[in-house]
file my_file25.cif (mmCIF, C-alpha atoms)
data_final
loop_
_atom_site.label_atom_id
_atom_site.label_comp_id
_atom_site.auth_asym_id
_atom_site.auth_seq_id
_atom_site.Cartn_x
_atom_site.Cartn_y
_atom_site.Cartn_z
CA MET N 11 -187.05 -165.06 38.77
CA ILE N 12 -186.04 -168.40 37.29
CA LEU N 13 -185.76 -169.11 33.56
CA ASP N 14 -187.08 -172.59 32.79
CA ASN N 15 -186.73 -172.91 29.05
CA ILE N 16 -185.75 -171.06 25.91
CA LEU N 17 -186.59 -171.84 22.29
CA ILE N 18 -184.37 -170.08 19.76
CA LYS N 19 -184.99 -169.92 16.02
CA ASN N 20 -182.59 -168.30 13.56
CA VAL N 21 -180.59 -166.23 16.04
CA ARG N 22 -177.17 -165.95 14.39
CA ASN N 23 -175.96 -169.57 14.03
CA HIS N 24 -178.75 -171.05 16.18
CA ILE N 25 -181.29 -172.34 13.65
CA PHE N 26 -183.29 -174.30 16.21
CA THR N 27 -182.13 -174.54 19.81
CA ASP N 28 -184.31 -175.71 22.69
CA ILE N 29 -182.75 -175.67 26.18
CA GLU N 30 -184.04 -176.54 29.65
CA PHE N 31 -182.16 -174.50 32.23
CA ASN N 32 -180.87 -175.33 35.69
CA ARG N 33 -182.42 -173.07 38.35
CA ASN N 34 -178.99 -172.41 39.91
CA VAL N 35 -175.94 -172.11 37.62
CA ASN N 36 -175.78 -172.69 33.87
CA VAL N 37 -172.34 -172.81 32.27
CA ILE N 38 -172.51 -172.43 28.49
CA TYR N 39 -169.19 -173.45 26.96
CA GLY N 40 -167.65 -174.04 23.56
CA LYS N 41 -165.13 -172.66 21.10
CA ASN N 42 -165.10 -169.04 19.99
CA GLY N 43 -167.87 -168.51 17.45
CA ALA N 44 -169.78 -171.61 18.55
CA GLY N 45 -172.83 -169.57 19.61
CA LYS N 46 -172.42 -169.24 23.38
CA THR N 47 -173.10 -165.53 23.60
CA SER N 48 -176.03 -165.90 21.19
CA ILE N 49 -177.89 -167.82 23.91
CA LEU N 50 -177.41 -164.90 26.29
CA GLU N 51 -178.46 -162.56 23.48
CA SER N 52 -181.65 -164.59 23.11
CA ILE N 53 -182.34 -164.34 26.84
CA SER N 54 -181.90 -160.59 26.51
CA ILE N 55 -184.31 -160.49 23.55
CA GLY N 56 -186.93 -162.47 25.46
CA SER N 57 -186.53 -160.24 28.53
CA LEU N 58 -185.82 -156.77 27.12
CA SER N 59 -187.04 -157.12 23.50
CA LYS N 60 -183.51 -156.63 22.11
CA SER N 61 -179.98 -157.98 22.25
CA PHE N 62 -177.49 -156.43 24.66
CA ILE N 63 -175.00 -156.35 21.78
CA SER N 64 -175.15 -153.13 19.78
CA GLY N 65 -176.47 -153.36 16.23
CA SER N 66 -179.72 -153.75 14.39
CA ASP N 67 -182.12 -156.68 14.68
CA SER N 68 -181.39 -157.58 11.08
CA ASN N 69 -177.82 -158.45 12.13
CA VAL N 70 -179.15 -161.03 14.58
CA VAL N 71 -181.11 -162.94 11.91
CA ALA N 72 -179.31 -166.09 10.75
CA LYS N 73 -177.89 -165.93 7.25
CA GLY N 74 -180.21 -167.34 4.61
CA THR N 75 -183.33 -166.73 6.72
CA ASP N 76 -185.70 -163.77 7.03
CA PHE N 77 -186.72 -163.87 10.69
CA TYR N 78 -185.69 -164.76 14.20
CA GLU N 79 -187.88 -165.90 17.07
CA VAL N 80 -187.26 -166.31 20.80
CA SER N 81 -189.68 -167.92 23.26
CA LEU N 82 -188.81 -167.76 26.94
CA LYS N 83 -190.55 -169.48 29.86
CA SER N 84 -189.94 -168.51 33.49
CA ILE N 85 -191.37 -168.57 37.00
CA ASN N 86 -191.15 -165.85 39.64
CA GLU N 87 -190.69 -166.09 43.39
CA LEU N 88 -194.45 -166.37 43.91
CA ASP N 89 -194.42 -169.47 41.67
CA LEU N 90 -196.30 -167.61 38.94
CA LYS N 91 -195.45 -168.81 35.47
CA TYR N 92 -194.62 -166.32 32.74
CA PHE N 93 -193.77 -166.59 29.06
CA ALA N 94 -192.58 -164.10 26.46
CA ARG N 95 -192.24 -164.42 22.70
CA VAL N 96 -190.42 -162.04 20.37
CA LYS N 97 -190.43 -162.54 16.62
CA TYR N 98 -188.62 -160.25 14.22
CA GLN N 99 -189.11 -160.40 10.45
CA LEU N 100 -187.03 -158.54 7.92
CA ASN N 101 -189.08 -155.65 6.51
CA ASN N 102 -191.98 -156.37 8.90
CA GLY N 103 -190.57 -155.52 12.32
CA LYS N 104 -191.29 -157.17 15.65
CA GLU N 105 -194.20 -159.11 17.03
CA ILE N 106 -194.19 -159.27 20.83
CA SER N 107 -196.47 -161.28 23.09
CA ASN N 108 -196.34 -162.49 26.67
CA SER N 109 -198.55 -163.95 29.38
CA TYR N 110 -200.56 -160.74 29.50
CA GLY N 111 -201.34 -160.13 25.84
CA GLU N 112 -200.37 -159.95 22.19
CA ASN N 113 -199.30 -157.20 19.78
CA LEU N 114 -197.30 -155.59 22.55
CA SER N 115 -194.63 -152.90 22.41
CA PRO N 116 -191.10 -153.38 23.79
CA LYS N 117 -191.94 -151.32 26.87
CA ASP N 118 -194.58 -153.93 27.82
CA LEU N 119 -191.82 -156.54 28.07
CA ILE N 120 -189.14 -154.61 29.94
CA GLY N 121 -189.03 -155.33 33.66
CA ALA N 122 -191.11 -158.50 33.67
CA ILE N 123 -187.90 -160.55 33.92
CA PRO N 124 -185.36 -158.49 35.89
CA LEU N 125 -182.05 -159.06 34.13
CA ILE N 126 -178.46 -158.10 34.94
CA ILE N 127 -175.81 -158.40 32.23
CA LEU N 128 -172.06 -158.29 32.85
CA THR N 129 -169.97 -158.35 29.70
CA PRO N 130 -166.49 -156.96 28.85
CA ASP N 131 -168.15 -154.53 26.43
CA TYR N 132 -169.72 -152.75 29.39
CA ARG N 133 -166.33 -151.45 30.52
CA ILE N 134 -167.37 -148.23 28.77
CA ILE N 135 -169.76 -147.56 31.66
CA THR N 136 -166.85 -146.59 33.91
CA SER N 137 -164.32 -145.46 31.29
CA GLY N 138 -166.47 -144.05 28.49
CA SER N 139 -168.45 -140.89 27.80
CA PRO N 140 -171.26 -139.45 29.98
CA GLN N 141 -173.75 -140.95 27.50
CA CYS N 142 -172.57 -144.45 28.48
CA ARG N 143 -173.38 -143.82 32.14
CA ARG N 144 -176.71 -142.17 31.34
CA ASP N 145 -177.67 -145.20 29.25
CA PHE N 146 -176.67 -147.52 32.09
CA VAL N 147 -178.79 -145.68 34.66
CA ASP N 148 -181.71 -145.41 32.23
CA ARG N 149 -181.63 -149.18 31.66
CA VAL N 150 -181.69 -149.90 35.39
CA LEU N 151 -184.51 -147.47 36.11
CA SER N 152 -186.52 -148.64 33.08
CA GLN N 153 -186.44 -152.22 34.37
CA SER N 154 -187.36 -151.15 37.89
CA ASN N 155 -190.22 -148.80 37.10
CA LYS N 156 -192.67 -148.63 34.19
CA VAL N 157 -193.34 -144.95 34.96
CA TYR N 158 -189.69 -144.06 34.42
CA LEU N 159 -189.58 -145.95 31.12
CA ASP N 160 -192.75 -144.19 29.96
CA GLU N 161 -191.40 -140.77 30.97
CA LEU N 162 -188.07 -141.50 29.25
CA LEU N 163 -189.76 -142.43 25.96
CA LYS N 164 -192.00 -139.36 26.09
CA PHE N 165 -189.04 -137.13 26.93
CA LYS N 166 -187.07 -138.39 23.94
CA LYS N 167 -190.01 -137.70 21.61
CA VAL N 168 -190.51 -134.18 22.96
CA LEU N 169 -186.76 -133.46 22.80
CA LYS N 170 -186.73 -134.56 19.17
CA GLN N 171 -189.69 -132.32 18.31
CA ARG N 172 -188.17 -129.38 20.17
CA ASN N 173 -184.83 -129.81 18.39
CA ASN N 174 -186.60 -130.12 15.03
CA LEU N 175 -188.39 -126.84 15.65
CA LEU N 176 -185.21 -125.02 16.65
CA GLY N 177 -183.18 -126.64 13.88
CA GLN N 178 -185.70 -125.80 11.16
CA ASN N 179 -185.72 -122.16 12.23
CA LYS N 180 -181.94 -121.99 12.00
CA LEU N 181 -182.02 -123.67 8.57
CA ASN N 182 -184.57 -121.16 7.29
CA ASN N 183 -182.41 -118.28 8.46
CA SER N 184 -179.28 -119.75 6.88
CA TYR N 185 -181.02 -119.85 3.48
CA ASN N 186 -182.19 -116.24 3.82
CA THR N 187 -185.80 -117.33 4.08
CA LYS N 188 -186.31 -115.65 7.43
CA GLN N 189 -189.68 -116.24 8.99
CA ASN N 190 -191.13 -115.03 12.24
CA PHE N 191 -190.17 -117.67 14.75
CA ASP N 192 -193.17 -119.16 16.55
CA ILE N 193 -192.02 -118.60 20.11
CA ASP N 194 -195.42 -119.70 21.42
CA LEU N 195 -194.93 -123.12 19.82
CA LEU N 196 -191.47 -123.38 21.39
CA ASP N 197 -192.99 -122.43 24.76
CA ALA N 198 -195.59 -125.19 24.36
CA TRP N 199 -192.98 -127.85 23.58
CA THR N 200 -190.84 -126.56 26.46
CA ILE N 201 -193.66 -127.04 28.96
CA GLN N 202 -193.86 -130.72 27.96
CA PHE N 203 -190.06 -130.93 27.95
CA ILE N 204 -189.86 -129.60 31.51
CA ASN N 205 -192.62 -131.88 32.81
CA HIS N 206 -190.90 -135.04 31.55
CA ALA N 207 -187.36 -133.80 32.29
CA SER N 208 -188.21 -133.07 35.93
CA GLU N 209 -189.50 -136.63 36.39
CA LEU N 210 -186.27 -138.09 35.02
CA ILE N 211 -184.08 -135.84 37.14
CA ILE N 212 -185.84 -136.52 40.43
CA ARG N 213 -185.86 -140.28 39.82
CA ARG N 214 -182.18 -140.26 38.86
CA MET N 215 -181.43 -138.38 42.08
CA ASN N 216 -183.29 -140.99 44.13
CA TYR N 217 -181.56 -143.84 42.28
CA VAL N 218 -178.08 -142.58 43.14
CA LYS N 219 -179.09 -141.97 46.75
CA GLU N 220 -180.45 -145.51 47.08
CA THR N 221 -177.77 -147.36 45.13
CA GLN N 222 -174.66 -145.61 46.53
CA PRO N 223 -174.53 -147.76 49.73
CA PHE N 224 -174.71 -150.97 47.66
CA PHE N 225 -172.02 -149.74 45.26
CA SER N 226 -169.67 -148.83 48.09
CA GLU N 227 -170.32 -152.07 49.98
CA PHE N 228 -169.70 -154.35 47.01
CA TYR N 229 -166.56 -152.49 45.97
CA SER N 230 -165.22 -152.81 49.51
CA MET N 231 -165.89 -156.55 49.49
CA VAL N 232 -164.29 -157.21 46.10
CA SER N 233 -161.26 -154.96 46.71
CA ASN N 234 -160.62 -156.15 50.29
CA ASN N 235 -161.54 -152.75 51.79
CA SER N 236 -158.54 -151.13 50.14
CA GLU N 237 -160.29 -148.16 48.49
CA SER N 238 -163.38 -145.96 48.75
CA VAL N 239 -165.81 -145.27 45.89
CA THR N 240 -168.73 -142.94 45.30
CA LEU N 241 -171.34 -142.48 42.60
CA GLU N 242 -172.43 -138.86 42.11
CA TYR N 243 -175.22 -137.46 39.96
CA LEU N 244 -174.53 -134.10 38.34
CA PRO N 245 -177.70 -132.77 36.68
CA ASN N 246 -176.83 -130.47 33.80
CA VAL N 247 -179.45 -127.93 34.84
CA LEU N 248 -177.63 -127.37 38.15
CA LEU N 249 -174.06 -127.49 36.88
CA ASN N 250 -174.49 -124.62 34.43
CA ASN N 251 -175.51 -122.09 37.05
CA GLY N 252 -171.97 -120.82 37.59
CA GLY N 253 -170.03 -120.63 40.84
CA SER N 254 -167.23 -122.70 42.29
CA GLU N 255 -166.95 -126.47 41.91
CA SER N 256 -167.68 -126.93 45.61
CA ARG N 257 -170.79 -124.79 45.28
CA LYS N 258 -171.97 -126.86 42.32
CA LEU N 259 -171.49 -130.06 44.31
CA GLU N 260 -173.47 -128.59 47.20
CA GLN N 261 -176.33 -127.91 44.80
CA THR N 262 -176.36 -131.47 43.50
CA ASN N 263 -176.30 -132.90 47.04
CA LYS N 264 -179.26 -130.79 48.12
CA GLU N 265 -182.65 -132.44 48.56
CA PHE N 266 -185.03 -131.27 45.82
CA ASN N 267 -188.69 -131.91 45.19
CA ILE N 268 -190.11 -132.10 41.70
CA GLU N 269 -191.67 -128.63 41.78
CA GLU N 270 -188.29 -127.10 42.63
CA ILE N 271 -186.73 -128.97 39.71
CA LYS N 272 -189.42 -127.62 37.38
CA GLU N 273 -188.74 -124.07 38.51
CA ILE N 274 -185.02 -124.48 37.93
CA LEU N 275 -185.71 -125.84 34.43
CA LYS N 276 -188.04 -122.92 33.67
CA GLU N 277 -185.38 -120.43 34.77
CA LYS N 278 -182.82 -122.18 32.64
CA TYR N 279 -185.13 -122.02 29.62
CA ILE N 280 -185.62 -118.27 30.02
CA GLN N 281 -181.88 -117.81 30.43
CA LEU N 282 -180.97 -119.86 27.32
CA ARG N 283 -183.93 -119.29 25.00
CA SER N 284 -182.23 -116.69 22.78
CA GLU N 285 -179.09 -118.80 22.49
CA GLU N 286 -181.13 -121.92 21.68
CA VAL N 287 -182.94 -120.09 18.88
CA LYS N 288 -179.61 -118.82 17.57
CA ARG N 289 -177.88 -122.22 17.67
CA GLY N 290 -180.91 -124.30 16.66
CA MET N 291 -180.74 -126.88 19.43
CA THR N 292 -181.72 -127.65 23.02
CA LEU N 293 -178.96 -126.55 25.39
CA PHE N 294 -180.14 -127.88 28.74
CA GLY N 295 -181.85 -130.88 30.28
CA PRO N 296 -181.26 -134.48 31.44
CA GLN N 297 -179.93 -135.53 28.03
CA LYS N 298 -176.77 -133.69 29.13
CA ASP N 299 -176.54 -135.07 32.69
CA GLU N 300 -173.41 -136.74 34.04
CA PHE N 301 -172.84 -139.49 36.57
CA ILE N 302 -169.40 -139.30 38.13
CA ILE N 303 -167.70 -142.39 39.59
CA LYS N 304 -164.98 -141.46 42.06
CA LEU N 305 -162.23 -143.66 43.43
CA ASN N 306 -160.53 -142.29 46.54
CA ASN N 307 -162.05 -138.89 45.62
CA ASN N 308 -160.51 -138.97 42.13
CA VAL N 309 -162.57 -139.26 38.95
CA ALA N 310 -162.30 -142.95 38.04
CA ARG N 311 -162.57 -142.32 34.32
CA ASP N 312 -159.28 -140.38 34.44
CA PHE N 313 -157.37 -142.06 37.26
CA ALA N 314 -158.47 -145.69 37.67
CA SER N 315 -156.25 -148.53 36.50
CA GLN N 316 -157.52 -151.28 34.23
CA GLY N 317 -157.99 -153.59 37.22
CA GLN N 318 -159.82 -150.91 39.17
CA HIS N 319 -162.17 -150.30 36.25
CA LYS N 320 -163.06 -154.01 36.26
CA THR N 321 -163.80 -153.92 39.98
CA LEU N 322 -165.86 -150.75 39.59
CA LEU N 323 -167.92 -152.38 36.84
CA ILE N 324 -168.55 -155.49 38.93
CA SER N 325 -169.59 -153.33 41.88
CA LEU N 326 -171.95 -151.23 39.77
CA LYS N 327 -173.57 -154.41 38.48
CA PHE N 328 -174.02 -155.79 41.99
CA ALA N 329 -175.49 -152.48 43.10
CA GLU N 330 -177.87 -152.79 40.12
CA PHE N 331 -178.69 -156.33 41.21
CA GLN N 332 -179.56 -155.30 44.77
CA TYR N 333 -181.51 -152.25 43.61
CA LEU N 334 -183.65 -154.27 41.19
CA LYS N 335 -184.15 -157.02 43.74
CA ASN N 336 -185.50 -154.51 46.23
CA LYS N 337 -187.69 -152.67 43.75
CA LYS N 338 -189.12 -155.71 41.97
CA ASN N 339 -189.41 -158.01 45.02
CA ASP N 340 -187.91 -160.65 42.75
CA THR N 341 -184.34 -161.89 42.34
CA PRO N 342 -182.83 -160.82 38.99
CA VAL N 343 -181.30 -163.30 36.59
CA PHE N 344 -177.56 -162.67 36.12
CA LEU N 345 -175.79 -163.12 32.76
CA LEU N 346 -171.97 -163.29 32.81
CA ASP N 347 -170.58 -163.19 29.30
CA ASP N 348 -166.94 -164.17 28.79
CA ILE N 349 -165.82 -162.78 32.15
CA PHE N 350 -162.96 -165.27 32.52
CA SER N 351 -161.09 -163.43 29.78
CA GLU N 352 -161.34 -160.14 31.68
CA ILE N 353 -161.51 -160.80 35.41
CA ASP N 354 -159.12 -162.69 37.70
CA SER N 355 -160.22 -165.85 39.50
CA TYR N 356 -160.48 -164.14 42.91
CA ARG N 357 -163.01 -161.58 41.67
CA ILE N 358 -164.93 -164.22 39.74
CA LYS N 359 -165.19 -166.38 42.85
CA MET N 360 -166.50 -163.38 44.78
CA VAL N 361 -169.07 -162.69 42.07
CA ILE N 362 -170.35 -166.26 41.97
CA GLU N 363 -170.48 -166.67 45.73
CA LEU N 364 -172.36 -163.42 46.22
CA LEU N 365 -174.88 -164.38 43.56
CA ARG N 366 -175.37 -167.85 45.00
CA GLN N 367 -175.91 -166.37 48.46
CA ASN N 368 -178.66 -164.23 46.92
CA LEU N 369 -180.20 -167.30 45.23
CA SER N 370 -179.83 -165.78 41.79
CA GLN N 371 -179.99 -167.92 38.69
CA ILE N 372 -176.66 -167.51 36.89
CA PHE N 373 -175.62 -167.94 33.25
CA ILE N 374 -171.91 -168.05 32.40
CA THR N 375 -170.25 -168.33 29.00
CA THR N 376 -166.70 -169.61 28.70
CA THR N 377 -164.39 -171.37 26.27
CA ASN N 378 -163.01 -173.54 29.07
CA PRO N 379 -165.44 -175.16 31.56
CA ASN N 380 -162.50 -176.24 33.70
CA GLN N 381 -162.06 -172.59 34.68
CA VAL N 382 -165.47 -172.74 36.34
CA LYS N 383 -164.66 -175.99 38.10
CA GLU N 384 -161.44 -174.52 39.43
CA VAL N 385 -163.19 -171.47 40.87
CA PHE N 386 -165.99 -173.05 42.89
CA ASN N 387 -167.90 -176.18 43.79
CA THR N 388 -169.66 -177.67 40.76
CA GLU N 389 -172.70 -178.81 42.75
CA ASN N 390 -176.02 -177.65 41.24
CA ILE N 391 -174.39 -176.60 37.98
CA LYS N 392 -175.53 -177.50 34.50
CA PHE N 393 -172.88 -177.55 31.77
CA ILE N 394 -174.24 -176.81 28.30
CA HIS N 395 -171.84 -177.57 25.45
CA ILE N 396 -172.43 -175.56 22.28
CA VAL N 397 -171.00 -176.70 18.93
CA ASP N 398 -171.74 -174.68 15.77
CA GLY N 399 -175.00 -173.28 17.11
CA LYS N 400 -176.26 -176.57 18.50
CA VAL N 401 -176.40 -178.12 21.97
CA ASN N 402 -174.09 -181.10 22.14
CA TYR N 403 -175.81 -183.66 24.39
CA GLU N 404 -173.11 -186.30 24.10
#

call {"tool": "encode", "arguments": {"input": "my_file25.cif", "output": "structure tokens"}}
result
Amino acid sequence: MILDNILIKNVRNHIFTDIEFNRNVNVIYGKNGAGKTSILESISIGSLSKSFISGSDSNVVAKGTDFYEVSLKSINELDLKYFARVKYQLNNGKEISNSYGENLSPKDLIGAIPLIILTPDYRIITSGSPQCRRDFVDRVLSQSNKVYLDELLKFKKVLKQRNNLLGQNKLNNSYNTKQNFDIDLLDAWTIQFINHASELIIRRMNYVKETQPFFSEFYSMVSNNSESVTLEYLPNVLLNNGGSESRKLEQTNKEFNIEEIKEILKEKYIQLRSEEVKRGMTLFGPQKDEFIIKLNNNVARDFASQGQHKTLLISLKFAEFQYLKNKKNDTPVFLLDDIFSEIDSYRIKMVIELLRQNLSQIFITTTNPNQVKEVFNTENIKFIHIVDGKVNYE
């Protein structure tokens, strides 16, 4: 996929910015606060319907205005043109349209432009909580497969309804307004819960199986073959069955089909139903899964150095790149936000060279364009100077 053009209106300090992109490397440079990252944010909005920076859409809207709008034009590897437009208005929400229709939902946009984002904020993927790694895997799988995204959204709705039912029963009991709990209604929600949960679990299992070789290969390349890494998926529904740690790991490494996963979930429900009713919440399922990154057989979150965490993150992102490229039959666009402040020149050179070998379109933000020139050949690179939210063409 190649991004041709972006039109940005009222995104942070970009009141009106229109940029034609280079199909190879685009270096967006300027002082801190100039609006470099906001261009990458806008690419994210046009590709994924939202910014990769946490926060509400209202925070993205430029001060003194009541909307933002991003229009993105691209072309895929079959030379098919594609456009997407996202407009957000305060108090009115989003309007999304693309080459295939209008009045779309965010899920209709996700995956059309495969996008990889590497930013220092994503260090939490390797060093943060299990939720950070679940979110990372969910984002990859949602871009790669519309079915997964649909199942994920349905699962979250059912989980919310199931928790509401359990929570309301506990609240009633706490106020001495005891009512007969509708166990049949809980059973009905649980059937839906299990159907969607089993889809997520089996697809997460397959993702780790497919992406592990890429992760290991890229880490070996970037670290000069000095260490070994693994990515392991630990489904909550298997880990809570008791037994030794080695036995638990054997269970997670076993090949399962979806019907076996459903049966395990059903057994877990029967086992935990009384406790769930007592505590007023769902106590099992993929919302509690963990993905473990290991470095030389040690849990990276606990043992990796700062430099190792950076290399792990780069390797995960390259594994994501290769996975999406294979699944989408299209080369993802790669956004590198402020990596020069976090990663040494050797690793950066490796990143750029690997991406260029894969013919990926690259976007880099930096305060110092000379850093880019020092790292690699400046042939086929477009330098875009941003000053106070505007492109400086001088």

call {"tool": "resolve_selection", "arguments": {"input": "my_file25.cif", "expression": "the PyMOL selection byres ((chain N and resi 167-179) around 10)", "output": "ChimeraX atom specification"}}
result
/N:161-166,180-184,187-193,195-204,206-207,286-293,295,297

call {"tool": "resolve_selection", "arguments": {"input": "my_file25.cif", "expression": "the PyMOL selection byres ((chain N and resi 395) around 7)", "output": "PyMOL selection string"}}
result
chain N and resi 38-40+393-394+396-397+401-402

call {"tool": "resolve_selection", "arguments": {"input": "my_file25.cif", "expression": "the PyMOL selection byres ((chain N and resi 79) around 6)", "output": "ChimeraX atom specification"}}
result
/N:19,78,80,96-97

call {"tool": "closest_atom_pairs", "arguments": {"input": "my_file25.cif", "of": "stretch 126-242 of chain N", "to": "stretch 269-275 of chain N", "cutoff": "8 Å", "atoms": "all atoms listed in the file", "output": "JSON lines"}}
result
{"residue": "N:Ile204", "atom": "CA", "partner": "N:Lys272", "partner_atom": "CA", "distance": 6.2}
{"residue": "N:Asn205", "atom": "CA", "partner": "N:Lys272", "partner_atom": "CA", "distance": 7.0}
{"residue": "N:Ser208", "atom": "CA", "partner": "N:Lys272", "partner_atom": "CA", "distance": 5.8}
{"residue": "N:Ile211", "atom": "CA", "partner": "N:Ile271", "partner_atom": "CA", "distance": 7.8}
{"residue": "N:Ile212", "atom": "CA", "partner": "N:Ile271", "partner_atom": "CA", "distance": 7.6}

call {"tool": "residues_around", "arguments": {"input": "my_file25.cif", "residues": "N:Ile63", "least_positions_apart": "5", "cutoff": "10 Å", "atoms": "only C-alpha atoms", "output": "PDB file with C-alpha atoms, in the coordinates of the input"}}
result
ATOM      1  CA  THR N  47    -173.100-165.530  23.600  1.00  0.00           C
ATOM      2  CA  SER N  48    -176.030-165.900  21.190  1.00  0.00           C
ATOM      3  CA  LEU N  50    -177.410-164.900  26.290  1.00  0.00           C
ATOM      4  CA  GLU N  51    -178.460-162.560  23.480  1.00  0.00           C
ATOM      5  CA  SER N  54    -181.900-160.590  26.510  1.00  0.00           C
ATOM      6  CA  VAL N  70    -179.150-161.030  14.580  1.00  0.00           C
ATOM      7  CA  THR N 129    -169.970-158.350  29.700  1.00  0.00           C
ATOM      8  CA  ASP N 131    -168.150-154.530  26.430  1.00  0.00           C
ATOM      9  CA  TYR N 132    -169.720-152.750  29.390  1.00  0.00           C
TER      10      TYR N 132
END

call {"tool": "atom_distance", "arguments": {"input": "my_file25.cif", "atom1": "atom CA of N:Ile303", "atom2": "atom CA of N:Phe266"}}
result
21.5 Å

call {"tool": "residues_around", "arguments": {"input": "my_file25.cif", "residues": "stretch 224-229 of chain N", "least_positions_apart": "4", "cutoff": "9 Å", "atoms": "all atoms listed in the file", "output": "VMD selection string"}}
result
chain N and resid 220 233 to 235 237 to 241 321 to 322 324 to 330 332 to 333

call {"tool": "atom_distance", "arguments": {"input": "my_file25.cif", "atom1": "atom CA of N:Glu87", "atom2": "atom CA of N:Ile372"}}
result
15.5 Å

call {"tool": "atom_distance", "arguments": {"input": "my_file25.cif", "atom1": "atom CA of N:Arg366", "atom2": "atom CA of N:Asn216"}}
result
28.0 Å

call {"tool": "closest_residue", "arguments": {"input": "my_file25.cif", "among": "N:Leu17, N:Tyr98, N:Leu365, N:Asp312", "to": "N:Ser66", "atoms": "only C-alpha atoms"}}
result
N:Tyr98
